[in-house]
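Student: Before I ask anything, here is the structure I am working with.
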Amino acid sequence: MSEPVANFEDVEHTPQRLERARTTHGDERRRSLVLAAYDLIAEKGFEDLRTRDVAMRAGVNIATLHYYFASKEDLIDGVVDYLLDLFSSEASRDLQLDFSTPLGHLQAMFRNTVYRMRTMPKMFVVLGELVMRSQRHPELEGAMRRMDEQWMHYLGWILTEGVAQGQFRADLDLETTAKKIIVVVKGVTFSYVWSRQEVDFEGMLQIVERLVLPEPGQGEL
């Protein structure tokens, strides 16, 4: 007697389930390769990064790596995407950040960064390596530009909302101010990671706040 056939719904959706399983497996394999590259950059630096070492660290052969990442540049793009995901994710619920106002967003961005520097220093070792080497490696220059463009876009939104809501100075030059904030945050992070010395993070945040907030009596906070 033949085995009973599964119900129609199961048969109907089997191809979709298989496709989802393949997609999930592929995503996991890509992620494992990106994490392997990320760890090797942190350990050895960008210039010593070899795709064969990445494949070995991830437990696959070089052909499998090139199936997911056709070139080293594509792999670095994956590392940059991973860094962007880390920066955009919530660092810690214990920080009790306020995202209800533009100033709250700005403070949260800064304090999230500080928290990550203290708890996830590898992020900034990798970022520093990519930034420093980007001047000599065209494949890195574009990736770093993409990171800054996304950061500028986010800051542009914060500053535009702050001005529109009357929380920030009405005469802000949005692009120039965003660039200044990026310079301050980068300076603080690189100083902390490379010197291993404490930095007055709250003092740096106050500098950023003075860039955007109205003078007393010139606007409501």
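By order of appearance in the structure tokens: chains A, B, ..., then residues from 1 within every chain, and ligands from 1 in the order shown.
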As number ranges by chain, list the residues of stretch 16-218 of chain A assigned to alpha helix (DSSP H) by DSSP on the backbone atoms of this structure.
Tutor: A: 16-44, 51-58, 62-68, 72-88, 102-119, 121-133, 138-164, 174-195, 201-212
Student: Can I get the residues of stretch 91-169 of chain A within 12 Å of stretch 193-207 of chain A, each with the closest pair of atoms and their distance in Å to one decimal, using only C-alpha atoms, sorted chain first then ascending number, as JSON lines?
Tutor:
```
{"residue": "A:Leu103", "atom": "CA", "partner": "A:Leu205", "partner_atom": "CA", "distance": 11.0}
{"residue": "A:Gly104", "atom": "CA", "partner": "A:Leu205", "partner_atom": "CA", "distance": 11.8}
{"residue": "A:Leu106", "atom": "CA", "partner": "A:Leu205", "partner_atom": "CA", "distance": 9.1}
{"residue": "A:Gln107", "atom": "CA", "partner": "A:Leu205", "partner_atom": "CA", "distance": 7.3}
{"residue": "A:Ala108", "atom": "CA", "partner": "A:Leu205", "partner_atom": "CA", "distance": 10.3}
{"residue": "A:Met109", "atom": "CA", "partner": "A:Leu205", "partner_atom": "CA", "distance": 10.2}
{"residue": "A:Phe110", "atom": "CA", "partner": "A:Leu205", "partner_atom": "CA", "distance": 7.1}
{"residue": "A:Arg111", "atom": "CA", "partner": "A:Phe201", "partner_atom": "CA", "distance": 8.3}
{"residue": "A:Asn112", "atom": "CA", "partner": "A:Phe201", "partner_atom": "CA", "distance": 11.4}
{"residue": "A:Thr113", "atom": "CA", "partner": "A:Phe201", "partner_atom": "CA", "distance": 10.0}
{"residue": "A:Val114", "atom": "CA", "partner": "A:Phe201", "partner_atom": "CA", "distance": 7.3}
{"residue": "A:Tyr115", "atom": "CA", "partner": "A:Phe201", "partner_atom": "CA", "distance": 10.4}
{"residue": "A:Arg116", "atom": "CA", "partner": "A:Val193", "partner_atom": "CA", "distance": 10.9}
{"residue": "A:Met117", "atom": "CA", "partner": "A:Val193", "partner_atom": "CA", "distance": 7.3}
{"residue": "A:Arg118", "atom": "CA", "partner": "A:Val193", "partner_atom": "CA", "distance": 8.9}
{"residue": "A:Thr119", "atom": "CA", "partner": "A:Val193", "partner_atom": "CA", "distance": 11.4}
{"residue": "A:Met120", "atom": "CA", "partner": "A:Val193", "partner_atom": "CA", "distance": 10.4}
{"residue": "A:Pro121", "atom": "CA", "partner": "A:Val193", "partner_atom": "CA", "distance": 6.9}
{"residue": "A:Lys122", "atom": "CA", "partner": "A:Val193", "partner_atom": "CA", "distance": 9.1}
{"residue": "A:Met123", "atom": "CA", "partner": "A:Val193", "partner_atom": "CA", "distance": 9.8}
{"residue": "A:Phe124", "atom": "CA", "partner": "A:Val193", "partner_atom": "CA", "distance": 6.8}
{"residue": "A:Val125", "atom": "CA", "partner": "A:Val193", "partner_atom": "CA", "distance": 7.1}
{"residue": "A:Val126", "atom": "CA", "partner": "A:Val193", "partner_atom": "CA", "distance": 10.7}
{"residue": "A:Leu127", "atom": "CA", "partner": "A:Val193", "partner_atom": "CA", "distance": 10.5}
{"residue": "A:Gly128", "atom": "CA", "partner": "A:Val193", "partner_atom": "CA", "distance": 8.8}
{"residue": "A:Glu129", "atom": "CA", "partner": "A:Trp194", "partner_atom": "CA", "distance": 11.0}
```
Student: Just the residues within 10 Å of stretch 53-66 of chain A, please, counting only C-alpha atoms, with nothing from its chain fewer than 3 positions along; format it as a list of chain:residue names.
Tutor: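 Counting only C-alpha atoms, the residues come to A:Arg29, A:Arg30, A:Arg31, A:Ser32, A:Leu33, A:Val34, A:Leu35, A:Ala36, A:Ala37, A:Tyr38, A:Asp39, A:Leu40, A:Ile41, A:Asp48, A:Leu49, A:Arg50, A:Phe69, A:Ala70, A:Ser71, A:Lys72, A:Asp74, A:Leu75.
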Student: Could you turn the residues from that selection into a file that holds N, CA and C atoms, as a PDB file, in the first residue's frame?
Tutor:
```pdb
ATOM      1  N   ARG A  29      26.067  31.594   5.264  1.00  0.00           N
ATOM      2  CA  ARG A  29      27.411  31.392   4.719  1.00  0.00           C
ATOM      3  C   ARG A  29      28.082  32.736   4.416  1.00  0.00           C
ATOM      4  N   ARG A  30      27.329  33.659   3.827  1.00  0.00           N
ATOM      5  CA  ARG A  30      27.864  35.001   3.555  1.00  0.00           C
ATOM      6  C   ARG A  30      28.283  35.674   4.862  1.00  0.00           C
ATOM      7  N   ARG A  31      27.432  35.556   5.873  1.00  0.00           N
ATOM      8  CA  ARG A  31      27.735  36.196   7.153  1.00  0.00           C
ATOM      9  C   ARG A  31      28.998  35.594   7.769  1.00  0.00           C
ATOM     10  N   SER A  32      29.159  34.277   7.673  1.00  0.00           N
ATOM     11  CA  SER A  32      30.338  33.639   8.254  1.00  0.00           C
ATOM     12  C   SER A  32      31.610  34.115   7.555  1.00  0.00           C
ATOM     13  N   LEU A  33      31.532  34.353   6.242  1.00  0.00           N
ATOM     14  CA  LEU A  33      32.691  34.852   5.500  1.00  0.00           C
ATOM     15  C   LEU A  33      32.995  36.299   5.870  1.00  0.00           C
ATOM     16  N   VAL A  34      31.950  37.101   6.014  1.00  0.00           N
ATOM     17  CA  VAL A  34      32.144  38.501   6.413  1.00  0.00           C
ATOM     18  C   VAL A  34      32.760  38.568   7.810  1.00  0.00           C
ATOM     19  N   LEU A  35      32.249  37.766   8.733  1.00  0.00           N
ATOM     20  CA  LEU A  35      32.791  37.772  10.098  1.00  0.00           C
ATOM     21  C   LEU A  35      34.236  37.295  10.121  1.00  0.00           C
ATOM     22  N   ALA A  36      34.565  36.321   9.270  1.00  0.00           N
ATOM     23  CA  ALA A  36      35.943  35.848   9.198  1.00  0.00           C
ATOM     24  C   ALA A  36      36.861  36.965   8.708  1.00  0.00           C
ATOM     25  N   ALA A  37      36.424  37.697   7.681  1.00  0.00           N
ATOM     26  CA  ALA A  37      37.219  38.816   7.162  1.00  0.00           C
ATOM     27  C   ALA A  37      37.355  39.908   8.218  1.00  0.00           C
ATOM     28  N   TYR A  38      36.263  40.198   8.890  1.00  0.00           N
ATOM     29  CA  TYR A  38      36.242  41.216   9.959  1.00  0.00           C
ATOM     30  C   TYR A  38      37.246  40.863  11.053  1.00  0.00           C
ATOM     31  N   ASP A  39      37.231  39.618  11.504  1.00  0.00           N
ATOM     32  CA  ASP A  39      38.152  39.187  12.564  1.00  0.00           C
ATOM     33  C   ASP A  39      39.606  39.241  12.095  1.00  0.00           C
ATOM     34  N   LEU A  40      39.859  38.848  10.846  1.00  0.00           N
ATOM     35  CA  LEU A  40      41.232  38.839  10.348  1.00  0.00           C
ATOM     36  C   LEU A  40      41.771  40.261  10.164  1.00  0.00           C
ATOM     37  N   ILE A  41      40.913  41.176   9.756  1.00  0.00           N
ATOM     38  CA  ILE A  41      41.346  42.577   9.655  1.00  0.00           C
ATOM     39  C   ILE A  41      41.719  43.098  11.045  1.00  0.00           C
ATOM     40  N   ASP A  48      47.260  42.608   5.155  1.00  0.00           N
ATOM     41  CA  ASP A  48      47.586  41.188   5.268  1.00  0.00           C
ATOM     42  C   ASP A  48      46.358  40.297   5.093  1.00  0.00           C
ATOM     43  N   LEU A  49      45.235  40.903   4.680  1.00  0.00           N
ATOM     44  CA  LEU A  49      44.027  40.118   4.481  1.00  0.00           C
ATOM     45  C   LEU A  49      44.122  39.332   3.178  1.00  0.00           C
ATOM     46  N   ARG A  50      43.966  38.025   3.252  1.00  0.00           N
ATOM     47  CA  ARG A  50      44.009  37.153   2.085  1.00  0.00           C
ATOM     48  C   ARG A  50      42.706  36.363   2.014  1.00  0.00           C
ATOM     49  N   PHE A  69      31.333  35.992  -2.938  1.00  0.00           N
ATOM     50  CA  PHE A  69      32.003  37.283  -3.114  1.00  0.00           C
ATOM     51  C   PHE A  69      32.969  37.148  -4.281  1.00  0.00           C
ATOM     52  N   ALA A  70      32.609  37.765  -5.389  1.00  0.00           N
ATOM     53  CA  ALA A  70      33.390  37.587  -6.614  1.00  0.00           C
ATOM     54  C   ALA A  70      34.794  38.162  -6.494  1.00  0.00           C
ATOM     55  N   SER A  71      34.970  39.141  -5.627  1.00  0.00           N
ATOM     56  CA  SER A  71      36.275  39.781  -5.500  1.00  0.00           C
ATOM     57  C   SER A  71      36.509  40.183  -4.046  1.00  0.00           C
ATOM     58  N   LYS A  72      37.742  40.555  -3.766  1.00  0.00           N
ATOM     59  CA  LYS A  72      38.070  41.048  -2.437  1.00  0.00           C
ATOM     60  C   LYS A  72      37.305  42.334  -2.146  1.00  0.00           C
ATOM     61  N   ASP A  74      34.282  43.060  -3.130  1.00  0.00           N
ATOM     62  CA  ASP A  74      32.927  42.679  -2.706  1.00  0.00           C
ATOM     63  C   ASP A  74      32.926  42.225  -1.250  1.00  0.00           C
ATOM     64  N   LEU A  75      33.963  41.520  -0.852  1.00  0.00           N
ATOM     65  CA  LEU A  75      34.053  41.047   0.527  1.00  0.00           C
ATOM     66  C   LEU A  75      34.187  42.233   1.488  1.00  0.00           C
TER      67      LEU A  75
END
```
Student: Would you compute the distance between atom CA of A:Phe46 and atom CA of A:Gly142? Give it in Å to one decimal.
Tutor: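 Interatomic distance, atom CA of A:Phe46 to atom CA of A:Gly142: 15.1 Å.
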